[in-house]
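The structure appears below as structure tokens.
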Amino acid sequence: MADPGAAGATRRRRATFAAGRGGSLVPMNGASAAACPSADTAGHSGDTPGQKHGSPESARVNSKSDKHKRRSDKPSDMLSCHKTQESLLSSASGYNNYRGVLNWCVVMLILSNARLFLENLLRHGILVDPIQVVSLFLKDPYSWPAACVVIVCNLFIMVALYTERQLSKGSFSELVGLTIHCINLTVILTFPVAVVLIVPSVTPVGGTFALGIYTMLFLKLYSYRDVNMWCRDLSRAKAKKLSRSLSCPAVQSGDGSKVCYPGNLTIKDMYYFALAPTLCYELNFPRSPKIRMGFLLRRLVEMLFFTQLLVALTQQWMIPIIQSSMKPLEDMDLSRMMERLLRLAVPNHLLWLMFFYWFFHSSLNFTAELLRFGDRQFYKDWWNAETVTYFWQNWNIPVHKWCLRHFYKPLLRRGFSKIVSQSAVFFLSAFFHEYLVSIPLRMFRLWAFMGMMAQLPLAWFVSNFLHGNYGNAAVWISLIVGQPFAVLMYVHDYYVLHYRQDMD
């Protein structure tokens with residue numbers, strides 16, 4: 001027979017567990033759980049021995065039971081399922097997560113371009129020819145005129161350094177130094193032009209490369225002359241005991257050393273500036289602590305890859321479209337011309353984007369890492385530009401810094417208005433665009449010059465009438481459509497000037 005005492009203890013334990021299970025129930029009289037602390041405490045004490053209080057398992061069980069209770073405690077949810085709300089695509093909804101739509105656009109872009117690429121292969125075959133690329137740089141493998149022109153630029157660098165050294169010693173007056181610098185800068189711009197126009201073996205690609213090097217050298221030496229002149233002025237002010245704070249600025253470099261004028265007038269300093277990825281001179285450039293070999297190799301691989309890709313896409317995609325556009329341009333068939341322009345817009349724009357990444361990110365970062373150059377801001381978020389002015393201020397930071405420091409602000413200090421100064425900056429940019437295109441092609445059509453000057457009324461129109469996304473769309477349209485139009489104009493004129501005469 002069972003012990004009556006043991007049976008009573010069992011009944012008490014069962015009653016205790018039953019009370020523990022029942023303590024977690026919500027009172028039927030509508031009272032909150034906070035009003036029943038004893039029940040809540042009993043519920044927690046009823047955890048199974050294998051689960052600690054607050055463990056993830058108990059939390060999941062409690063959350064599931066809470067969700068079930070919330071569903072069961074709201075019978076009104078069974079009677080109504082609607083509430084006042086806006087559709088997601090309505091502007092009043094405030095919804096802005098379109099990541100899936102962006103992914104869809106990328107997928108559609110890849111598929112559409114894959115179809116165009118396959119159609120191009122079926123129609124034209126494989127047109128990529130590395131030997132033809134080499135011939136763009138060299139007509140005669142034993143004659144390298146463009147490379148020789150680039151080597152000669154060392155002479156102009158030494159003339160600028162010698163002049164500044166003599167000015168720091170007082171051997172040259174400011175007027176004599178200014179005269180020598182003006183002659184030196186003028187010859188820098190005219191010497192490669194004379195070589196390209198006189199020497200027939202200079203190819204358009206080689207001429208563009210040489211003129212690009214000389215254009216950068218012109219801007220660098222102009223900045224070099226300005227900064228050293230400012231340092232001389234500050235040194236004279238210091239000599240007059242105005243303040244020690246007016247001495248020539250010196251910034252802490254990466255190795256802890258500082259250079260002050262005229263200690264910067266050395267060959268090492270001059271050639272570091274000539275090779276550095278900047279157009280604005282400083283006595284002490286910010287320096288990175290060391291060369292990161294992994295970063296350097298990644299940029300090098302990107303440079304090689306995008307070089308091959310740019311050449312291949314130009315031969316396979318761009319050239320057939322340009323060749324098929326000659327007859328509509330000759331016949332002045334407007335509908336066919338528009339169709340060819342739109343066909344050329346997509347590959348031209350993709351090549352331009354690849355060139356931007358290759359030059360402003362891969363190449364300039366490679367050079368900066370090799371020289372431990374610290375300032376790596378070669379571009380900003382120009383793709384978000386809502387005005388034309390913002391785009392030109394942020395897509396090419398080295399040129400923008402030079403224009404702001406050595407051209408725009410000096411004009412303002414001399415009393416010119418902002419409108420006149422901005423127009424002068426666009427005029428200077430238009431000149432160099434035409435300089436880099438017309439001279440290598442040996443023809444002067446002013447398409448690039450007019451395209452740059454047309455940015456002034458376009459910038460005024462976009463900034464005054466288009467805002468936000470509409471302004472950003474206008475900037476993208478000007479980039480996508482404007483560039484291929486100029487390309488077609490130059491290619492057509494070059495074709496008429498050379499190949500039609502040969503056929504006649």
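Residue numbering restarts at 1 for every chain of the structure tokens, chains are lettered A, B, ... in their displayed order, and ligands are numbered from 1 as they appear.
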
Do you know which residues are at most 10 Å from stretch 106-118 of chain A counting only C-alpha atoms, after dropping those on the same chain fewer than 3 positions away, and could you put them as a list of chain:residue names?
-> A:Gly100, A:Val101, A:Leu102, A:Asn103, A:Leu121, A:Leu122, A:Arg123, A:Gly125, A:Leu313, A:Gln316, A:Trp317, A:Val346, A:Pro347

Out of stretch 249-339 of chain A, which residues get alpha helix (DSSP H) from DSSP, as a compact mmCIF listing (two decimals) with all heavy atoms, in the first residue's frame?
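Resulting contents of selection.txt:
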# COMPACT_ATOMS: atom_id res chain seq x y z
N ILE A 267 66.83 69.49 -57.61
CA ILE A 267 66.41 68.62 -58.73
C ILE A 267 65.47 67.53 -58.23
O ILE A 267 64.48 67.18 -58.89
CB ILE A 267 67.66 68.02 -59.41
CG1 ILE A 267 68.49 69.12 -60.06
CG2 ILE A 267 67.25 66.97 -60.43
CD1 ILE A 267 69.76 68.62 -60.73
N LYS A 268 65.77 66.97 -57.04
CA LYS A 268 64.91 65.92 -56.49
C LYS A 268 63.50 66.43 -56.26
O LYS A 268 62.52 65.77 -56.63
CB LYS A 268 65.52 65.42 -55.18
CG LYS A 268 64.68 64.35 -54.50
CD LYS A 268 65.31 63.92 -53.19
CE LYS A 268 64.44 62.88 -52.48
NZ LYS A 268 65.03 62.47 -51.18
N ASP A 269 63.37 67.60 -55.67
CA ASP A 269 62.04 68.17 -55.41
C ASP A 269 61.33 68.49 -56.72
O ASP A 269 60.12 68.25 -56.85
CB ASP A 269 62.20 69.44 -54.57
CG ASP A 269 60.87 70.11 -54.28
OD1 ASP A 269 60.23 69.72 -53.28
OD2 ASP A 269 60.47 71.00 -55.05
N MET A 270 62.07 68.99 -57.69
CA MET A 270 61.46 69.36 -58.96
C MET A 270 60.91 68.14 -59.70
O MET A 270 59.78 68.16 -60.20
CB MET A 270 62.50 70.08 -59.83
CG MET A 270 61.96 70.60 -61.14
SD MET A 270 60.72 71.89 -60.84
CE MET A 270 60.42 72.46 -62.49
N TYR A 271 61.68 67.08 -59.75
CA TYR A 271 61.21 65.90 -60.48
C TYR A 271 60.16 65.12 -59.70
O TYR A 271 59.34 64.43 -60.31
CB TYR A 271 62.39 65.00 -60.85
CG TYR A 271 63.04 65.44 -62.14
CD1 TYR A 271 64.13 66.29 -62.14
CD2 TYR A 271 62.54 65.03 -63.37
CE1 TYR A 271 64.72 66.71 -63.32
CE2 TYR A 271 63.11 65.44 -64.56
CZ TYR A 271 64.21 66.28 -64.53
OH TYR A 271 64.77 66.70 -65.72
N TYR A 272 60.17 65.21 -58.38
CA TYR A 272 59.07 64.62 -57.62
C TYR A 272 57.76 65.30 -58.00
O TYR A 272 56.74 64.63 -58.22
CB TYR A 272 59.32 64.74 -56.12
CG TYR A 272 58.22 64.11 -55.29
CD1 TYR A 272 58.25 62.77 -54.97
CD2 TYR A 272 57.14 64.87 -54.84
CE1 TYR A 272 57.24 62.18 -54.21
CE2 TYR A 272 56.13 64.29 -54.10
CZ TYR A 272 56.18 62.96 -53.79
OH TYR A 272 55.17 62.38 -53.06
N PHE A 273 57.78 66.62 -58.08
CA PHE A 273 56.57 67.34 -58.48
C PHE A 273 56.20 67.04 -59.92
O PHE A 273 55.01 66.92 -60.25
CB PHE A 273 56.79 68.84 -58.28
CG PHE A 273 55.68 69.69 -58.83
CD1 PHE A 273 54.37 69.51 -58.43
CD2 PHE A 273 55.95 70.67 -59.78
CE1 PHE A 273 53.35 70.29 -58.94
CE2 PHE A 273 54.93 71.45 -60.29
CZ PHE A 273 53.63 71.26 -59.88
N ALA A 274 57.19 66.93 -60.79
CA ALA A 274 56.90 66.64 -62.20
C ALA A 274 56.23 65.28 -62.38
O ALA A 274 55.40 65.11 -63.28
CB ALA A 274 58.18 66.70 -63.03
N LEU A 275 56.56 64.32 -61.52
CA LEU A 275 55.97 62.98 -61.63
C LEU A 275 54.76 62.78 -60.74
O LEU A 275 54.00 61.83 -60.95
CB LEU A 275 57.03 61.93 -61.27
CG LEU A 275 58.26 61.87 -62.19
CD1 LEU A 275 59.28 60.88 -61.65
CD2 LEU A 275 57.88 61.52 -63.62
N MET A 293 52.35 47.19 -51.12
CA MET A 293 52.58 46.38 -52.33
C MET A 293 51.29 45.75 -52.84
O MET A 293 51.09 45.65 -54.06
CB MET A 293 53.61 45.30 -52.04
CG MET A 293 55.01 45.84 -51.71
SD MET A 293 55.64 46.94 -53.01
CE MET A 293 55.66 45.84 -54.41
N GLY A 294 50.41 45.32 -51.94
CA GLY A 294 49.14 44.75 -52.39
C GLY A 294 48.30 45.76 -53.14
O GLY A 294 47.74 45.46 -54.20
N PHE A 295 48.19 46.95 -52.59
CA PHE A 295 47.44 48.02 -53.26
C PHE A 295 48.07 48.37 -54.60
O PHE A 295 47.37 48.56 -55.60
CB PHE A 295 47.42 49.25 -52.35
CG PHE A 295 46.65 50.42 -52.89
CD1 PHE A 295 45.30 50.54 -52.66
CD2 PHE A 295 47.28 51.40 -53.64
CE1 PHE A 295 44.58 51.62 -53.16
CE2 PHE A 295 46.59 52.48 -54.14
CZ PHE A 295 45.22 52.58 -53.90
N LEU A 296 49.40 48.42 -54.65
CA LEU A 296 50.11 48.75 -55.88
C LEU A 296 49.87 47.70 -56.95
O LEU A 296 49.62 48.05 -58.13
CB LEU A 296 51.61 48.87 -55.57
CG LEU A 296 52.48 49.57 -56.62
CD1 LEU A 296 52.15 51.04 -56.68
CD2 LEU A 296 53.95 49.36 -56.29
N LEU A 297 49.92 46.45 -56.59
CA LEU A 297 49.70 45.38 -57.58
C LEU A 297 48.27 45.36 -58.08
O LEU A 297 48.03 45.10 -59.28
CB LEU A 297 50.07 44.03 -56.95
CG LEU A 297 51.57 43.81 -56.67
CD1 LEU A 297 51.78 42.47 -55.98
CD2 LEU A 297 52.37 43.87 -57.96
N ARG A 298 47.30 45.63 -57.21
CA ARG A 298 45.91 45.67 -57.66
C ARG A 298 45.69 46.77 -58.69
O ARG A 298 45.01 46.58 -59.70
CB ARG A 298 44.97 45.87 -56.47
CG ARG A 298 44.79 44.63 -55.61
CD ARG A 298 43.59 44.78 -54.69
NE ARG A 298 43.73 45.88 -53.77
CZ ARG A 298 44.31 45.80 -52.59
NH1 ARG A 298 44.84 44.65 -52.18
NH2 ARG A 298 44.39 46.86 -51.79
N ARG A 299 46.26 47.94 -58.43
CA ARG A 299 46.12 49.04 -59.39
C ARG A 299 46.83 48.71 -60.70
O ARG A 299 46.35 49.07 -61.78
CB ARG A 299 46.69 50.32 -58.79
CG ARG A 299 46.02 50.81 -57.51
CD ARG A 299 44.59 51.30 -57.72
NE ARG A 299 43.62 50.25 -57.73
CZ ARG A 299 43.13 49.67 -56.63
NH1 ARG A 299 43.53 50.03 -55.45
NH2 ARG A 299 42.20 48.74 -56.74
N LEU A 300 47.96 48.04 -60.63
CA LEU A 300 48.69 47.67 -61.85
C LEU A 300 47.89 46.68 -62.68
O LEU A 300 47.79 46.82 -63.91
CB LEU A 300 50.05 47.08 -61.48
CG LEU A 300 50.92 46.61 -62.66
CD1 LEU A 300 51.23 47.77 -63.59
CD2 LEU A 300 52.20 45.96 -62.15
N VAL A 301 47.29 45.70 -62.03
CA VAL A 301 46.45 44.72 -62.75
C VAL A 301 45.25 45.43 -63.38
O VAL A 301 44.87 45.13 -64.53
CB VAL A 301 46.00 43.60 -61.79
CG1 VAL A 301 44.96 42.71 -62.46
CG2 VAL A 301 47.20 42.77 -61.36
N GLU A 302 44.64 46.35 -62.67
CA GLU A 302 43.53 47.11 -63.23
C GLU A 302 43.96 47.91 -64.45
O GLU A 302 43.24 47.97 -65.45
CB GLU A 302 42.94 48.04 -62.17
CG GLU A 302 42.18 47.34 -61.07
CD GLU A 302 41.71 48.30 -59.99
OE1 GLU A 302 42.04 49.51 -60.06
OE2 GLU A 302 40.99 47.85 -59.07
N MET A 303 45.12 48.54 -64.38
CA MET A 303 45.61 49.32 -65.51
C MET A 303 45.79 48.44 -66.75
O MET A 303 45.35 48.79 -67.85
CB MET A 303 46.93 50.00 -65.14
CG MET A 303 46.80 51.13 -64.15
SD MET A 303 48.41 51.65 -63.50
CE MET A 303 49.23 52.13 -65.02
N LEU A 304 46.43 47.28 -66.57
CA LEU A 304 46.65 46.39 -67.72
C LEU A 304 45.34 45.84 -68.26
O LEU A 304 45.13 45.77 -69.48
CB LEU A 304 47.57 45.24 -67.28
CG LEU A 304 48.98 45.64 -66.85
CD1 LEU A 304 49.75 44.43 -66.35
CD2 LEU A 304 49.73 46.32 -67.98
N PHE A 305 44.43 45.47 -67.36
CA PHE A 305 43.15 44.90 -67.80
C PHE A 305 42.32 45.92 -68.57
O PHE A 305 41.82 45.62 -69.67
CB PHE A 305 42.38 44.39 -66.58
CG PHE A 305 40.97 43.96 -66.90
CD1 PHE A 305 40.73 42.77 -67.56
CD2 PHE A 305 39.89 44.76 -66.55
CE1 PHE A 305 39.43 42.38 -67.85
CE2 PHE A 305 38.60 44.38 -66.83
CZ PHE A 305 38.36 43.18 -67.50
N PHE A 306 42.18 47.12 -68.02
CA PHE A 306 41.34 48.11 -68.68
C PHE A 306 41.99 48.65 -69.95
O PHE A 306 41.29 49.06 -70.88
CB PHE A 306 41.02 49.26 -67.72
CG PHE A 306 39.89 48.95 -66.78
CD1 PHE A 306 40.14 48.67 -65.45
CD2 PHE A 306 38.58 48.93 -67.23
CE1 PHE A 306 39.10 48.37 -64.59
CE2 PHE A 306 37.54 48.63 -66.37
CZ PHE A 306 37.80 48.34 -65.04
N THR A 307 43.31 48.63 -70.03
CA THR A 307 43.95 49.01 -71.29
C THR A 307 43.57 48.05 -72.39
O THR A 307 43.20 48.47 -73.51
CB THR A 307 45.48 49.05 -71.10
OG1 THR A 307 45.82 50.02 -70.11
CG2 THR A 307 46.17 49.42 -72.40
N GLN A 308 43.67 46.75 -72.11
CA GLN A 308 43.29 45.75 -73.11
C GLN A 308 41.80 45.84 -73.45
O GLN A 308 41.41 45.72 -74.62
CB GLN A 308 43.63 44.34 -72.59
CG GLN A 308 45.09 44.12 -72.31
CD GLN A 308 45.94 44.20 -73.57
OE1 GLN A 308 45.51 43.82 -74.65
NE2 GLN A 308 47.15 44.71 -73.43
N LEU A 309 40.97 46.06 -72.42
CA LEU A 309 39.53 46.12 -72.66
C LEU A 309 39.15 47.34 -73.48
O LEU A 309 38.30 47.26 -74.39
CB LEU A 309 38.80 46.13 -71.31
CG LEU A 309 37.27 46.03 -71.37
CD1 LEU A 309 36.84 44.73 -72.03
CD2 LEU A 309 36.68 46.13 -69.96
N LEU A 310 39.75 48.48 -73.21
CA LEU A 310 39.46 49.69 -73.97
C LEU A 310 39.84 49.52 -75.43
O LEU A 310 39.08 49.90 -76.35
CB LEU A 310 40.21 50.88 -73.37
CG LEU A 310 39.64 51.46 -72.07
CD1 LEU A 310 40.64 52.43 -71.44
CD2 LEU A 310 38.33 52.18 -72.33
N VAL A 311 41.01 48.95 -75.67
CA VAL A 311 41.46 48.75 -77.06
C VAL A 311 40.55 47.76 -77.78
O VAL A 311 40.13 47.98 -78.93
CB VAL A 311 42.92 48.28 -77.07
CG1 VAL A 311 43.33 47.86 -78.48
CG2 VAL A 311 43.84 49.38 -76.56
N ALA A 312 40.21 46.66 -77.11
CA ALA A 312 39.38 45.63 -77.74
C ALA A 312 37.98 46.16 -78.06
O ALA A 312 37.46 45.93 -79.17
CB ALA A 312 39.30 44.41 -76.83
N LEU A 313 37.36 46.86 -77.13
CA LEU A 313 36.02 47.38 -77.38
C LEU A 313 36.02 48.47 -78.44
O LEU A 313 35.06 48.59 -79.22
CB LEU A 313 35.42 47.92 -76.07
CG LEU A 313 35.06 46.88 -75.01
CD1 LEU A 313 34.50 47.55 -73.77
CD2 LEU A 313 34.05 45.88 -75.57
N ILE A 319 34.59 51.20 -83.87
CA ILE A 319 35.03 51.45 -85.26
C ILE A 319 33.99 51.02 -86.28
O ILE A 319 33.71 51.76 -87.24
CB ILE A 319 36.39 50.78 -85.50
CG1 ILE A 319 37.47 51.48 -84.66
CG2 ILE A 319 36.76 50.83 -86.98
CD1 ILE A 319 38.85 50.89 -84.80
N PRO A 320 33.34 49.83 -86.15
CA PRO A 320 32.30 49.49 -87.14
C PRO A 320 31.15 50.49 -87.17
O PRO A 320 30.63 50.80 -88.25
CB PRO A 320 31.83 48.10 -86.69
CG PRO A 320 32.98 47.53 -85.94
CD PRO A 320 33.62 48.69 -85.24
N ILE A 321 30.73 51.00 -86.02
CA ILE A 321 29.63 51.97 -85.99
C ILE A 321 30.06 53.26 -86.65
O ILE A 321 29.30 53.88 -87.43
CB ILE A 321 29.17 52.21 -84.54
CG1 ILE A 321 28.62 50.93 -83.93
CG2 ILE A 321 28.12 53.31 -84.49
CD1 ILE A 321 28.23 51.08 -82.47
N ILE A 322 31.29 53.71 -86.39
CA ILE A 322 31.78 54.95 -86.99
C ILE A 322 31.90 54.80 -88.50
O ILE A 322 31.53 55.70 -89.27
CB ILE A 322 33.13 55.34 -86.36
CG1 ILE A 322 32.92 55.73 -84.89
CG2 ILE A 322 33.78 56.49 -87.12
CD1 ILE A 322 34.21 56.00 -84.15
N GLN A 323 32.40 53.64 -88.94
CA GLN A 323 32.53 53.43 -90.39
C GLN A 323 31.18 53.41 -91.09
O GLN A 323 31.04 53.93 -92.20
CB GLN A 323 33.27 52.12 -90.64
CG GLN A 323 34.75 52.17 -90.26
CD GLN A 323 35.44 50.83 -90.41
OE1 GLN A 323 34.78 49.78 -90.52
NE2 GLN A 323 36.76 50.82 -90.40
N SER A 324 30.18 52.83 -90.44
CA SER A 324 28.85 52.80 -91.05
C SER A 324 28.13 54.14 -90.97
O SER A 324 27.06 54.29 -91.57
CB SER A 324 27.99 51.73 -90.36
OG SER A 324 27.76 52.07 -89.01
N MET A 326 29.53 57.06 -91.96
CA MET A 326 30.08 58.02 -92.91
C MET A 326 29.08 58.37 -94.01
O MET A 326 28.90 59.54 -94.36
CB MET A 326 31.37 57.47 -93.51
CG MET A 326 32.52 57.34 -92.51
SD MET A 326 32.98 58.89 -91.73
CE MET A 326 32.20 58.72 -90.11
N LYS A 327 28.42 57.38 -94.57
CA LYS A 327 27.50 57.66 -95.68
C LYS A 327 26.30 58.50 -95.25
O LYS A 327 25.95 59.46 -95.95
CB LYS A 327 27.03 56.34 -96.32
CG LYS A 327 26.16 56.55 -97.55
CD LYS A 327 25.87 55.25 -98.23
CE LYS A 327 24.92 55.45 -99.41
NZ LYS A 327 25.40 56.47 -100.35
N PRO A 328 25.63 58.21 -94.11
CA PRO A 328 24.54 59.11 -93.68
C PRO A 328 25.02 60.53 -93.43
O PRO A 328 24.28 61.49 -93.73
CB PRO A 328 24.05 58.46 -92.38
CG PRO A 328 24.40 57.02 -92.51
CD PRO A 328 25.67 57.00 -93.27
N LEU A 329 26.25 60.71 -92.95
CA LEU A 329 26.76 62.06 -92.75
C LEU A 329 27.03 62.76 -94.08
O LEU A 329 26.79 63.96 -94.23
CB LEU A 329 28.05 62.00 -91.92
CG LEU A 329 27.88 61.69 -90.43
CD1 LEU A 329 29.22 61.49 -89.77
CD2 LEU A 329 27.11 62.81 -89.73
N GLU A 330 27.52 62.01 -95.07
CA GLU A 330 27.77 62.61 -96.37
C GLU A 330 26.45 62.98 -97.07
O GLU A 330 26.35 64.02 -97.72
CB GLU A 330 28.57 61.65 -97.24
CG GLU A 330 29.99 61.43 -96.76
CD GLU A 330 30.73 60.42 -97.62
OE1 GLU A 330 30.13 59.95 -98.62
OE2 GLU A 330 31.88 60.10 -97.29
N ASP A 331 25.46 62.11 -96.95
CA ASP A 331 24.17 62.36 -97.60
C ASP A 331 23.28 63.31 -96.80
O ASP A 331 22.20 63.69 -97.29
CB ASP A 331 23.43 61.04 -97.81
CG ASP A 331 24.19 60.08 -98.72
OD1 ASP A 331 25.07 60.56 -99.48
OD2 ASP A 331 23.94 58.87 -98.63
N LEU A 334 19.14 62.96 -92.02
CA LEU A 334 19.01 63.29 -90.61
C LEU A 334 18.52 62.10 -89.78
O LEU A 334 19.01 61.88 -88.66
CB LEU A 334 18.05 64.47 -90.43
CG LEU A 334 18.53 65.80 -91.03
CD1 LEU A 334 17.50 66.88 -90.80
CD2 LEU A 334 19.87 66.21 -90.42
N SER A 335 17.57 61.34 -90.30
CA SER A 335 17.06 60.21 -89.53
C SER A 335 18.13 59.15 -89.34
O SER A 335 18.30 58.61 -88.23
CB SER A 335 15.84 59.60 -90.23
OG SER A 335 16.18 59.16 -91.54
N ARG A 336 18.89 58.83 -90.39
CA ARG A 336 19.97 57.86 -90.26
C ARG A 336 21.10 58.40 -89.39
O ARG A 336 21.73 57.65 -88.64
CB ARG A 336 20.51 57.50 -91.64
CG ARG A 336 19.48 56.90 -92.58
CD ARG A 336 19.07 55.52 -92.15
NE ARG A 336 20.13 54.54 -92.30
CZ ARG A 336 20.03 53.27 -91.94
NH1 ARG A 336 18.91 52.84 -91.37
NH2 ARG A 336 21.03 52.44 -92.11
N MET A 337 21.37 59.69 -89.48
CA MET A 337 22.39 60.29 -88.63
C MET A 337 22.01 60.17 -87.17
O MET A 337 22.85 59.85 -86.31
CB MET A 337 22.59 61.75 -89.02
CG MET A 337 23.33 61.96 -90.34
SD MET A 337 23.29 63.67 -90.87
CE MET A 337 24.03 64.49 -89.46
N MET A 338 20.75 60.43 -86.85
CA MET A 338 20.30 60.31 -85.46
C MET A 338 20.39 58.87 -84.97
O MET A 338 20.79 58.61 -83.82
CB MET A 338 18.86 60.82 -85.35
CG MET A 338 18.33 60.81 -83.91
SD MET A 338 19.31 61.86 -82.80
CE MET A 338 19.00 63.47 -83.52
N GLU A 339 20.04 57.92 -85.86
CA GLU A 339 20.12 56.52 -85.48
C GLU A 339 21.56 56.10 -85.21
O GLU A 339 21.85 55.40 -84.23
CB GLU A 339 19.52 55.67 -86.60
CG GLU A 339 19.39 54.19 -86.25
CD GLU A 339 20.60 53.38 -86.71
OE1 GLU A 339 21.33 53.86 -87.61
OE2 GLU A 339 20.82 52.27 -86.17

List as a PDB file with N, CA and C atoms, in the first residue's frame the protein and nucleic acid residues near A:Ala194, meaning an atom at most 12 Å away when only C-alpha atoms are counted, but skip any in the same chain fewer than 3 places from it.
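This is the output file out-v3.pdb:
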ATOM      1  N   PRO A 145      59.086  59.648 -82.938  1.00  0.00           N
ATOM      2  CA  PRO A 145      59.117  61.108 -82.752  1.00  0.00           C
ATOM      3  C   PRO A 145      58.382  61.571 -81.503  1.00  0.00           C
ATOM      4  N   ALA A 146      57.242  60.943 -81.186  1.00  0.00           N
ATOM      5  CA  ALA A 146      56.484  61.367 -80.003  1.00  0.00           C
ATOM      6  C   ALA A 146      57.288  61.119 -78.727  1.00  0.00           C
ATOM      7  N   VAL A 149      59.948  63.740 -78.414  1.00  0.00           N
ATOM      8  CA  VAL A 149      59.384  65.025 -77.964  1.00  0.00           C
ATOM      9  C   VAL A 149      59.189  65.020 -76.452  1.00  0.00           C
ATOM     10  N   VAL A 187      57.019  78.293 -75.254  1.00  0.00           N
ATOM     11  CA  VAL A 187      57.680  77.266 -76.066  1.00  0.00           C
ATOM     12  C   VAL A 187      57.139  75.878 -75.723  1.00  0.00           C
ATOM     13  N   ILE A 188      56.790  75.665 -74.448  1.00  0.00           N
ATOM     14  CA  ILE A 188      56.216  74.369 -74.065  1.00  0.00           C
ATOM     15  C   ILE A 188      54.945  74.078 -74.853  1.00  0.00           C
ATOM     16  N   LEU A 189      54.127  75.094 -75.093  1.00  0.00           N
ATOM     17  CA  LEU A 189      52.879  74.885 -75.835  1.00  0.00           C
ATOM     18  C   LEU A 189      53.091  74.831 -77.346  1.00  0.00           C
ATOM     19  N   THR A 190      54.073  75.530 -77.860  1.00  0.00           N
ATOM     20  CA  THR A 190      54.236  75.624 -79.309  1.00  0.00           C
ATOM     21  C   THR A 190      55.195  74.581 -79.886  1.00  0.00           C
ATOM     22  N   PHE A 191      56.186  74.146 -79.105  1.00  0.00           N
ATOM     23  CA  PHE A 191      57.171  73.203 -79.631  1.00  0.00           C
ATOM     24  C   PHE A 191      56.542  71.878 -80.057  1.00  0.00           C
ATOM     25  N   LEU A 197      52.920  68.931 -86.477  1.00  0.00           N
ATOM     26  CA  LEU A 197      52.471  69.416 -87.783  1.00  0.00           C
ATOM     27  C   LEU A 197      53.531  69.261 -88.869  1.00  0.00           C
ATOM     28  N   ILE A 198      54.798  69.262 -88.485  1.00  0.00           N
ATOM     29  CA  ILE A 198      55.868  69.212 -89.483  1.00  0.00           C
ATOM     30  C   ILE A 198      56.319  67.783 -89.766  1.00  0.00           C
ATOM     31  N   VAL A 199      56.457  66.980 -88.718  1.00  0.00           N
ATOM     32  CA  VAL A 199      56.962  65.608 -88.888  1.00  0.00           C
ATOM     33  C   VAL A 199      55.809  64.694 -89.281  1.00  0.00           C
ATOM     34  N   PRO A 200      55.819  64.121 -90.489  1.00  0.00           N
ATOM     35  CA  PRO A 200      54.667  63.306 -90.923  1.00  0.00           C
ATOM     36  C   PRO A 200      54.563  61.962 -90.223  1.00  0.00           C
ATOM     37  N   VAL A 202      54.541  61.343 -87.117  1.00  0.00           N
ATOM     38  CA  VAL A 202      53.834  61.412 -85.828  1.00  0.00           C
ATOM     39  C   VAL A 202      52.385  61.004 -86.055  1.00  0.00           C
ATOM     40  N   GLY A 207      50.746  61.838 -81.191  1.00  0.00           N
ATOM     41  CA  GLY A 207      50.655  63.284 -81.009  1.00  0.00           C
ATOM     42  C   GLY A 207      49.807  63.666 -79.814  1.00  0.00           C
ATOM     43  N   ALA A 210      51.907  63.041 -76.649  1.00  0.00           N
ATOM     44  CA  ALA A 210      52.939  64.064 -76.439  1.00  0.00           C
ATOM     45  C   ALA A 210      52.327  65.395 -76.014  1.00  0.00           C
ATOM     46  N   LEU A 211      51.237  65.790 -76.670  1.00  0.00           N
ATOM     47  CA  LEU A 211      50.599  67.051 -76.310  1.00  0.00           C
ATOM     48  C   LEU A 211      49.990  66.996 -74.912  1.00  0.00           C
ATOM     49  N   ILE A 439      45.182  69.456 -83.014  1.00  0.00           N
ATOM     50  CA  ILE A 439      46.593  69.383 -83.412  1.00  0.00           C
ATOM     51  C   ILE A 439      46.986  67.962 -83.805  1.00  0.00           C
ATOM     52  N   PRO A 440      46.708  66.926 -82.995  1.00  0.00           N
ATOM     53  CA  PRO A 440      47.082  65.561 -83.433  1.00  0.00           C
ATOM     54  C   PRO A 440      46.383  65.132 -84.714  1.00  0.00           C
ATOM     55  N   ARG A 442      45.592  67.163 -87.087  1.00  0.00           N
ATOM     56  CA  ARG A 442      46.061  68.101 -88.122  1.00  0.00           C
ATOM     57  C   ARG A 442      44.894  68.740 -88.876  1.00  0.00           C
TER      58      ARG A 442
END

Take atom CA of A:Phe209 and atom CA of A:Asp226 and report the distance between them in Å, one decimal.
-> 26.2 Å

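For the pair atom CA of A:Val128 and atom CA of A:Leu479, the interatomic distance is 26.7 Å.
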
Which is closer to A:Glu369 than all the others in A:His467, A:Lys238, A:Lys290, A:Arg232, using only C-alpha atoms?
-> A:Lys290

How many Å lie between atom CA of A:Ser168 and atom CA of A:Leu221, rounded to one decimal?
-> 16.4 Å

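The smallest atom-to-atom distance between A:Phe285 and any of A:Asn228, A:Ser325, A:Ser257, A:Gln422, using only C-alpha atoms, is found for A:Ser257.
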
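Distance annotation: of A:Phe391, A:Tyr379, A:Phe444, A:Phe156, the residue with the minimal separation from A:Phe218 is A:Phe156; atom set is only C-alpha atoms.
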
Neighbour list for A:Thr163 as a ChimeraX atom specification, cut-off 8 Å, only C-alpha atoms, skip fewer than 4 positions in-chain | /A:159,167,172,177,180-181

With only C-alpha atoms as the basis for distance, which of A:Ala368, A:Phe426, A:Ser362, A:Ser417 is at the shortest distance from A:Ala454?
-> A:Phe426
